[in-house]
Amino acid sequence: MPYPVFKDNREFIKALEVNNDLVTIQQEVDWDLELGAIVRRVCEKKSASPYFKKIKDYPGFEALGAPLATYKRLAIAMGMNPDASVPEISNEYVRRTTQEPVHPILVEKKKAPCKENIWLNKDADLLKLPGPMVHDGDGGRYLATWHFVVSKDPETASINWGMYRQMVFDEKTMVGPVLPFSDMGKMFYGKYVPKNKPMPFATVIGCDPLSGVAACAPSPIPEDQFAGMLMGRPVELVKCETCDLQVPAHAEIIIEGEVLPNIKIEEAPFGEYTGYRTSPREPRTVYRIKAITFRNNPIMTVSNMGIPTDEGQLLRSFSLGLEMRKLLESQGIPITGVYMLPESTHHLVVVGVKPAYSGIASQIANLVFGSKLSPWFTMVVVVDHETDIYSKDDVIHALCTKCHPSRGIRKYEQAPGTPLYPFADPEERKWSRGSQVLFDCTFPLDWPESDLPIKVSFNNVYPKEVREKVLKNWKSYGFKD
Amino acid sequence: MASKEYDTFILSDLSGVPEDQEMEMILRDLTPTDRRYKYRSFYASAIVSKSESKYPDLLWVRLGRGQLQEKPWSIKIIKEVNKFG
Ligand SMILES: Cc1cc2nc3c(=O)[nH]c(=O)nc-3n(C[C@H](O)[C@H](O)[C@H](O)COP(=O)(O)O)c2cc1C
């Protein structure tokens, strides 16, 4: 069943406007820091998305900042009520993404707006696109901050869309980190590099919102099908100009080329999702470009990673948490929900569970730390079914009162990590080494009932008649809330 | 003509950077004639000095996490080096 979703970024921009979640900036904005500073402030203040109509030095180009940095925007992108709650959006996402995969369809080039302009050979020049200098001190201009890279497995022909940042080095070259445990990392380093074969790629900038959500979701389903599941209809793809990859026909800008197997050049530093500039400037994966195609008056999408909340934090938290939920449910663990806090920069996940047997918190931690998702987070907080996993107040209260400071905490050492962890030492960052920790906030089952602490709350320690009387008279006592 | 300006990231101890001898480094152009090419990076063979006035162009120095050093150095670019064949 198709959902009321958007076929492109332009329809999404209109929907943001209708929902009072867009500020259209007519005055000229400089791509050199000013644009980035506006997007940063928008993320920190949770303001409406800025839509830049005029970018200095780049007439004809436009940009949308912070396209999905709030749950409201995610709800709009999913075609839901903008005020839908996080559990409602989560349930809908899980419902759509546990149905049959929806395969993409191929459209003719003349029906693909992303082919309205085609730059080949010398014309294909990255500096003719308004890649912003996002933060002062970054290693370069980041053209690709809210985008995805398409690649194909040379053995299975399976398609991968993934969000891997790309810094412009020169007219023809981009560079960025492709972490070895990512799908593209496993494919490129495992299957192309050993044969010294360049890997065709296509970078998609300014796609429809749900294709972006799919690209940064850590799902095992190929993202071109996953996006279709989220939309309830096939994504329309079109063939590239210089290779046999296919890209969303309605995207704003496509950059085609090859990832080089035999050279690395320096990339970074960059303001990252943790809210710090952490990962070192070091030799990273090189993309050489062959063609750029784009719509008339293309609209770039720009994310500005930094302190919460940007779309990377929000959507990665959302999809990482929900993939964990699927995993735990598939194993029959009696969880009541999983919520990863965006403010934790997707480092902390809260799992609610009915403590049906001893050791359940460790079992949960073993599963999620043992999964493919694990390099991206470090802390699992397991709470009982009486704790509201979506309430930071409730979770902090459980953490500080129910988690035993030695018995309740279990460390997992020698785990995979990333170079992006601010707390890691330089050697750990270099080798992507991490560690993880479980906070068990459930009371042990073997305590006698008479020794069990009783939660002292309005709902828990008053008889029903008293609660009802108080609620009924609340306003007449003089309270306004 | 006003001198051109570049910057570079130095990842090692600044005191160990050799002066007055040719070395390969990555530079970013901060003053291109067409502003769209600002921050274009390139490999160059160049000579640097920590004195701001010794060589024709200015070189701003940043540390590994982007920290800009207060005083610029100077640089003479011998040639751009093409790494991509
Ligand atoms: C804005 C943004 C930027 C990202 N940049 C990178 C990156 O540069 N390198 C990387 O390996 N992962 C990056 N990630 C994480 C990947 O997108 C993420 O792992 C995604 O799920 C890719 O799919 P995979 O895990 O299936 O490979 C980024 C995520 C977001 C949201």
# chains A, B, ... in the order shown; residues from 1 in each chain; ligands from 1

$ select_by_dssp --residues "range 69-212 of chain A" --states "strand (DSSP E)" --output "ChimeraX atom specification"
/A:105-106,117-120,141-144,147-152,159-162,166-170,173-176,199-205

$ residues_around --residues "range 41-46 of chain B" --least-positions-apart "2" --cutoff "7 Å" --atoms "only C-alpha atoms" --output "ChimeraX atom specification"
/A:169-170 /B:22-29,39,48,75-82

$ residues_around --residues "range 384-399 of chain A" --least-positions-apart "2" --cutoff "8 Å" --atoms "only C-alpha atoms" --output "number ranges by chain"
A: 335-339, 350-355, 381-382, 401-403, 439, 441-442

$ write_last_selection --atoms "all heavy atoms" --output "compact mmCIF listing (two decimals), in the first residue's frame"
# COMPACT_ATOMS: atom_id res chain seq x y z
N ILE A 335 10.98 -7.96 25.60
CA ILE A 335 11.24 -6.52 25.76
C ILE A 335 9.94 -5.75 25.63
O ILE A 335 8.98 -6.19 24.99
CB ILE A 335 12.24 -5.99 24.71
CG1 ILE A 335 11.78 -6.28 23.27
CG2 ILE A 335 13.63 -6.52 24.95
CD1 ILE A 335 12.51 -5.46 22.23
N THR A 336 9.94 -4.56 26.27
CA THR A 336 8.76 -3.69 26.13
C THR A 336 9.06 -2.57 25.15
O THR A 336 8.18 -1.85 24.72
CB THR A 336 8.37 -3.10 27.49
OG1 THR A 336 9.53 -2.50 28.08
CG2 THR A 336 7.85 -4.17 28.42
N GLY A 337 10.30 -2.40 24.78
CA GLY A 337 10.65 -1.38 23.79
C GLY A 337 12.13 -1.09 23.81
O GLY A 337 12.85 -1.51 24.72
N VAL A 338 12.58 -0.39 22.78
CA VAL A 338 13.99 0.03 22.69
C VAL A 338 13.98 1.49 22.26
O VAL A 338 13.28 1.86 21.33
CB VAL A 338 14.76 -0.80 21.63
CG1 VAL A 338 16.20 -0.32 21.52
CG2 VAL A 338 14.72 -2.29 21.95
N TYR A 339 14.75 2.31 22.95
CA TYR A 339 14.84 3.72 22.56
C TYR A 339 16.28 4.18 22.69
O TYR A 339 16.89 4.05 23.74
CB TYR A 339 13.93 4.59 23.42
CG TYR A 339 13.92 6.04 22.98
CD1 TYR A 339 13.59 6.39 21.67
CD2 TYR A 339 14.26 7.06 23.87
CE1 TYR A 339 13.60 7.71 21.25
CE2 TYR A 339 14.25 8.40 23.46
CZ TYR A 339 13.92 8.71 22.15
OH TYR A 339 13.93 10.02 21.75
N VAL A 350 18.40 2.51 25.45
CA VAL A 350 17.61 2.08 26.60
C VAL A 350 16.71 0.93 26.14
O VAL A 350 16.00 1.05 25.14
CB VAL A 350 16.71 3.22 27.13
CG1 VAL A 350 15.99 2.78 28.39
CG2 VAL A 350 17.54 4.47 27.39
N VAL A 351 16.80 -0.18 26.85
CA VAL A 351 15.95 -1.32 26.51
C VAL A 351 15.04 -1.59 27.71
O VAL A 351 15.53 -1.77 28.83
CB VAL A 351 16.79 -2.59 26.21
CG1 VAL A 351 15.88 -3.77 25.85
CG2 VAL A 351 17.79 -2.33 25.10
N GLY A 352 13.74 -1.59 27.46
CA GLY A 352 12.79 -1.93 28.51
C GLY A 352 12.46 -3.41 28.42
O GLY A 352 12.29 -3.94 27.33
N VAL A 353 12.38 -4.08 29.58
CA VAL A 353 12.15 -5.52 29.54
C VAL A 353 11.35 -5.97 30.77
O VAL A 353 11.46 -5.34 31.84
CB VAL A 353 13.50 -6.28 29.46
CG1 VAL A 353 14.30 -6.17 30.77
CG2 VAL A 353 13.30 -7.74 29.08
N LYS A 354 10.58 -6.99 30.60
CA LYS A 354 9.95 -7.62 31.75
C LYS A 354 11.00 -8.58 32.31
O LYS A 354 11.39 -9.53 31.62
CB LYS A 354 8.71 -8.38 31.26
CG LYS A 354 7.77 -8.71 32.32
CD LYS A 354 6.33 -8.72 31.84
CE LYS A 354 5.34 -8.91 32.95
NZ LYS A 354 5.76 -9.19 34.27
N PRO A 355 11.51 -8.31 33.50
CA PRO A 355 12.61 -9.15 33.99
C PRO A 355 12.10 -10.56 34.35
O PRO A 355 11.90 -10.88 35.51
CB PRO A 355 13.14 -8.42 35.22
CG PRO A 355 12.40 -7.13 35.30
CD PRO A 355 11.17 -7.24 34.46
N VAL A 381 21.46 0.49 28.56
CA VAL A 381 20.80 0.64 29.85
C VAL A 381 19.54 -0.23 29.80
O VAL A 381 18.65 0.00 28.98
CB VAL A 381 20.42 2.13 30.08
CG1 VAL A 381 19.63 2.28 31.37
CG2 VAL A 381 21.66 3.01 30.11
N VAL A 382 19.51 -1.25 30.63
CA VAL A 382 18.33 -2.13 30.65
C VAL A 382 17.47 -1.74 31.84
O VAL A 382 17.94 -1.75 32.98
CB VAL A 382 18.73 -3.62 30.71
CG1 VAL A 382 17.49 -4.50 30.80
CG2 VAL A 382 19.56 -4.00 29.48
N THR A 401 19.26 4.79 40.64
CA THR A 401 18.74 4.17 41.86
C THR A 401 18.70 2.63 41.79
O THR A 401 18.79 1.96 42.81
CB THR A 401 17.30 4.66 42.15
OG1 THR A 401 16.50 4.43 40.99
CG2 THR A 401 17.29 6.14 42.51
N LYS A 402 18.59 2.12 40.60
CA LYS A 402 18.43 0.66 40.50
C LYS A 402 19.69 -0.04 40.03
O LYS A 402 19.81 -1.27 40.16
CB LYS A 402 17.29 0.33 39.54
CG LYS A 402 15.92 0.67 40.10
CD LYS A 402 14.87 0.29 39.09
CE LYS A 402 13.62 -0.22 39.77
NZ LYS A 402 12.58 -0.56 38.79
N CYS A 403 20.59 0.73 39.42
CA CYS A 403 21.79 0.09 38.89
C CYS A 403 22.87 0.04 39.98
O CYS A 403 23.31 1.09 40.47
CB CYS A 403 22.29 0.89 37.69
SG CYS A 403 23.78 0.19 36.99
N PHE A 439 24.49 -1.24 31.78
CA PHE A 439 23.96 -0.78 33.07
C PHE A 439 22.64 -1.54 33.30
O PHE A 439 21.65 -1.30 32.59
CB PHE A 439 23.69 0.72 33.05
CG PHE A 439 24.93 1.56 32.84
CD1 PHE A 439 25.26 2.01 31.57
CD2 PHE A 439 25.75 1.90 33.89
CE1 PHE A 439 26.40 2.78 31.35
CE2 PHE A 439 26.90 2.66 33.69
CZ PHE A 439 27.23 3.10 32.43
N CYS A 441 19.54 -2.01 35.17
CA CYS A 441 18.69 -1.27 36.11
C CYS A 441 17.44 -2.08 36.45
O CYS A 441 16.33 -1.54 36.52
CB CYS A 441 18.28 0.07 35.51
SG CYS A 441 19.64 1.04 34.89
N THR A 442 17.62 -3.39 36.60
CA THR A 442 16.50 -4.21 37.08
C THR A 442 16.90 -4.74 38.46
O THR A 442 18.08 -5.00 38.71
CB THR A 442 16.23 -5.41 36.14
OG1 THR A 442 17.40 -6.25 36.10
CG2 THR A 442 15.92 -4.94 34.73

$ residues_around --residues "Cys216 in chain A" --least-positions-apart "3" --cutoff "6 Å" --atoms "only C-alpha atoms" --output "NGL selection string"
:A and (162-163 or 213)

$ write_last_selection --atoms "all heavy atoms" --output "short mmCIF file (atom, residue, chain, number, x, y, z; two decimals), in the first residue's frame"
data_model
loop_
_atom_site.label_atom_id
_atom_site.label_comp_id
_atom_site.auth_asym_id
_atom_site.auth_seq_id
_atom_site.Cartn_x
_atom_site.Cartn_y
_atom_site.Cartn_z
N GLY A 162 24.72 3.87 1.14
CA GLY A 162 25.17 4.20 2.49
C GLY A 162 25.60 5.65 2.55
O GLY A 162 26.06 6.21 1.56
N MET A 163 25.46 6.23 3.73
CA MET A 163 25.87 7.62 3.89
C MET A 163 27.32 7.63 4.36
O MET A 163 27.60 7.23 5.49
CB MET A 163 24.97 8.26 4.94
CG MET A 163 24.40 9.58 4.50
SD MET A 163 23.14 10.15 5.62
CE MET A 163 21.71 10.08 4.59
N VAL A 213 16.60 8.33 4.66
CA VAL A 213 16.40 7.56 5.90
C VAL A 213 16.89 6.12 5.69
O VAL A 213 17.59 5.55 6.52
CB VAL A 213 14.91 7.57 6.32
CG1 VAL A 213 14.67 6.62 7.49
CG2 VAL A 213 14.47 8.98 6.68
#

$ residues_around --residues "Tyr287 in chain A" --least-positions-apart "3" --cutoff "6 Å" --atoms "only C-alpha atoms" --output "MDAnalysis selection string"
chainID A and resid 173:175 258:259

$ select_by_dssp --residues "range 1-107 of chain A" --states "helix (DSSP H, G or I)" --output "ChimeraX atom specification"
/A:9-18,34-45,71-77,86-97

$ closest_atom_pairs --of "chain B" --to "chain A" --cutoff "12 Å" --atoms "only C-alpha atoms" --output "Markdown table"
| residue | atom | partner | partner_atom | distance |
| --- | --- | --- | --- | --- |
| B:Asp7 | CA | A:Gly139 | CA | 10.3 |
| B:Thr8 | CA | A:Gly139 | CA | 9.1 |
| B:Phe9 | CA | A:Gly139 | CA | 8.0 |
| B:Ile10 | CA | A:Arg281 | CA | 9.5 |
| B:Leu11 | CA | A:Arg281 | CA | 7.7 |
| B:Ser12 | CA | A:Arg281 | CA | 11.3 |
| B:Met25 | CA | A:Glu266 | CA | 10.6 |
| B:Ile26 | CA | A:Glu266 | CA | 8.5 |
| B:Leu27 | CA | A:Phe169 | CA | 10.3 |
| B:Arg28 | CA | A:Gly140 | CA | 8.4 |
| B:Asp29 | CA | A:Asp170 | CA | 10.4 |
| B:Leu30 | CA | A:Gly140 | CA | 11.2 |
| B:Pro32 | CA | A:Leu127 | CA | 11.9 |
| B:Asp34 | CA | A:Asp57 | CA | 8.9 |
| B:Arg35 | CA | A:Asp57 | CA | 7.1 |
| B:Arg36 | CA | A:Leu127 | CA | 6.1 |
| B:Tyr37 | CA | A:Leu127 | CA | 5.9 |
| B:Lys38 | CA | A:Leu127 | CA | 8.6 |
| B:Tyr39 | CA | A:Gly140 | CA | 6.3 |
| B:Arg40 | CA | A:Asp170 | CA | 5.2 |
| B:Ser41 | CA | A:Phe169 | CA | 5.2 |
| B:Phe42 | CA | A:Asp170 | CA | 7.0 |
| B:Tyr43 | CA | A:Ile265 | CA | 9.9 |
| B:Trp60 | CA | A:Gly137 | CA | 11.7 |
| B:Val61 | CA | A:Gly137 | CA | 10.7 |
| B:Arg62 | CA | A:Gly137 | CA | 7.8 |
| B:Leu63 | CA | A:Gly137 | CA | 9.2 |
| B:Gly64 | CA | A:Arg281 | CA | 6.0 |
| B:Arg65 | CA | A:Pro269 | CA | 5.5 |
| B:Gly66 | CA | A:Gly137 | CA | 4.1 |
| B:Gln67 | CA | A:Gly137 | CA | 6.4 |
| B:Leu68 | CA | A:Gly137 | CA | 7.3 |
| B:Gln69 | CA | A:Gly137 | CA | 11.0 |
| B:Asn82 | CA | A:Asp170 | CA | 11.1 |
| B:Lys83 | CA | A:Ile263 | CA | 8.7 |
| B:Phe84 | CA | A:Ile263 | CA | 8.6 |
| B:Gly85 | CA | A:Ile263 | CA | 11.2 |

$ closest_atom_pairs --of "chain A" --to "ligand 1" --cutoff "6 Å" --atoms "only C-alpha atoms and all ligand atoms" --output "JSON lines"
{"residue": "A:Thr145", "atom": "CA", "partner": "ligand 1", "partner_atom_place_in_ligand_line": "1 (C)", "distance": 5.4}
{"residue": "A:Trp146", "atom": "CA", "partner": "ligand 1", "partner_atom_place_in_ligand_line": "1 (C)", "distance": 5.5}
{"residue": "A:Gly162", "atom": "CA", "partner": "ligand 1", "partner_atom_place_in_ligand_line": "22 (C)", "distance": 4.0}
{"residue": "A:Met163", "atom": "CA", "partner": "ligand 1", "partner_atom_place_in_ligand_line": "17 (O)", "distance": 3.6}
{"residue": "A:Tyr164", "atom": "CA", "partner": "ligand 1", "partner_atom_place_in_ligand_line": "7 (C)", "distance": 3.5}
{"residue": "A:Arg165", "atom": "CA", "partner": "ligand 1", "partner_atom_place_in_ligand_line": "8 (O)", "distance": 3.8}
{"residue": "A:Gly176", "atom": "CA", "partner": "ligand 1", "partner_atom_place_in_ligand_line": "8 (O)", "distance": 5.8}
{"residue": "A:Pro177", "atom": "CA", "partner": "ligand 1", "partner_atom_place_in_ligand_line": "8 (O)", "distance": 4.7}
{"residue": "A:Val178", "atom": "CA", "partner": "ligand 1", "partner_atom_place_in_ligand_line": "11 (O)", "distance": 3.9}
{"residue": "A:Leu179", "atom": "CA", "partner": "ligand 1", "partner_atom_place_in_ligand_line": "11 (O)", "distance": 3.8}
{"residue": "A:Ser182", "atom": "CA", "partner": "ligand 1", "partner_atom_place_in_ligand_line": "27 (O)", "distance": 3.5}
{"residue": "A:Asp183", "atom": "CA", "partner": "ligand 1", "partner_atom_place_in_ligand_line": "27 (O)", "distance": 3.5}
{"residue": "A:Met184", "atom": "CA", "partner": "ligand 1", "partner_atom_place_in_ligand_line": "27 (O)", "distance": 5.4}
{"residue": "A:Cys216", "atom": "CA", "partner": "ligand 1", "partner_atom_place_in_ligand_line": "20 (C)", "distance": 4.1}
{"residue": "A:Ala217", "atom": "CA", "partner": "ligand 1", "partner_atom_place_in_ligand_line": "21 (O)", "distance": 4.6}
{"residue": "A:Pro218", "atom": "CA", "partner": "ligand 1", "partner_atom_place_in_ligand_line": "21 (O)", "distance": 4.0}
{"residue": "A:Gly312", "atom": "CA", "partner": "ligand 1", "partner_atom_place_in_ligand_line": "31 (C)", "distance": 3.7}
{"residue": "A:Arg316", "atom": "CA", "partner": "ligand 1", "partner_atom_place_in_ligand_line": "31 (C)", "distance": 5.9}

$ residues_around --residues "Val302 in chain A" --least-positions-apart "3" --cutoff "12 Å" --atoms "only C-alpha atoms" --output "JSON, numbers by chain"
{"A": [31, 35, 36, 37, 38, 39, 40, 42, 43, 49, 50, 51, 52, 62, 63, 64, 65, 66, 67, 68, 69, 130, 131, 132, 133, 134, 141, 142, 143, 144, 145, 146, 147, 165, 205, 206, 207, 299, 305, 310, 311, 312]}

$ write_last_selection --atoms "C-alpha atoms" --output "short mmCIF file (atom, residue, chain, number, x, y, z; two decimals), in the first residue's frame"
data_model
loop_
_atom_site.label_atom_id
_atom_site.label_comp_id
_atom_site.auth_asym_id
_atom_site.auth_seq_id
_atom_site.Cartn_x
_atom_site.Cartn_y
_atom_site.Cartn_z
CA TRP A 31 28.72 28.88 1.33
CA LEU A 35 25.41 28.66 5.56
CA GLY A 36 26.93 26.09 7.91
CA ALA A 37 26.57 28.43 10.90
CA ILE A 38 22.88 28.93 10.16
CA VAL A 39 22.26 25.18 9.92
CA ARG A 40 24.22 24.60 13.13
CA VAL A 42 18.98 25.59 13.62
CA CYS A 43 20.04 22.18 14.98
CA SER A 49 14.63 23.91 8.24
CA PRO A 50 16.36 26.73 6.39
CA TYR A 51 15.77 26.79 2.62
CA PHE A 52 18.53 28.84 0.99
CA GLU A 62 19.79 26.30 -3.73
CA ALA A 63 20.12 24.35 -0.49
CA LEU A 64 17.95 22.80 2.21
CA GLY A 65 19.53 22.67 5.66
CA ALA A 66 18.75 20.26 8.50
CA PRO A 67 16.22 18.34 6.39
CA LEU A 68 15.36 15.73 9.02
CA ALA A 69 16.73 16.99 12.30
CA PRO A 130 28.34 24.87 -3.89
CA GLY A 131 29.89 22.46 -1.41
CA PRO A 132 29.81 24.36 1.87
CA MET A 133 32.67 24.93 4.28
CA VAL A 134 30.51 23.58 7.07
CA ARG A 141 34.42 21.63 1.81
CA TYR A 142 31.95 18.83 2.38
CA LEU A 143 29.71 18.43 -0.60
CA ALA A 144 28.13 15.30 0.75
CA THR A 145 26.73 15.59 4.27
CA TRP A 146 23.16 14.41 3.65
CA HIS A 147 23.35 12.13 0.65
CA ARG A 165 30.78 11.68 4.08
CA ILE A 205 22.58 14.46 -3.17
CA GLY A 206 19.12 15.81 -2.49
CA CYS A 207 17.10 12.61 -2.69
CA ILE A 299 18.69 21.98 -4.26
CA MET A 305 26.95 17.60 12.47
CA ASP A 310 21.20 16.89 13.83
CA GLU A 311 19.65 14.36 11.45
CA GLY A 312 22.56 11.98 11.75
#

$ atom_distance --atom1 "CA of Arg410 in chain A" --atom2 "CA of Ser317 in chain A"
22.4 Å

$ atom_distance --atom1 "CA of Leu438 in chain A" --atom2 "CA of Leu314 in chain A"
22.0 Å

$ residues_around --residues "Asp123 in chain A" --least-positions-apart "4" --cutoff "9 Å" --atoms "only C-alpha atoms" --output "JSON, numbers by chain"
{"A": [118, 119, 128, 291, 292]}

$ atom_distance --atom1 "CA of Ile307 in chain A" --atom2 "CA of Lys46 in chain A"
11.7 Å
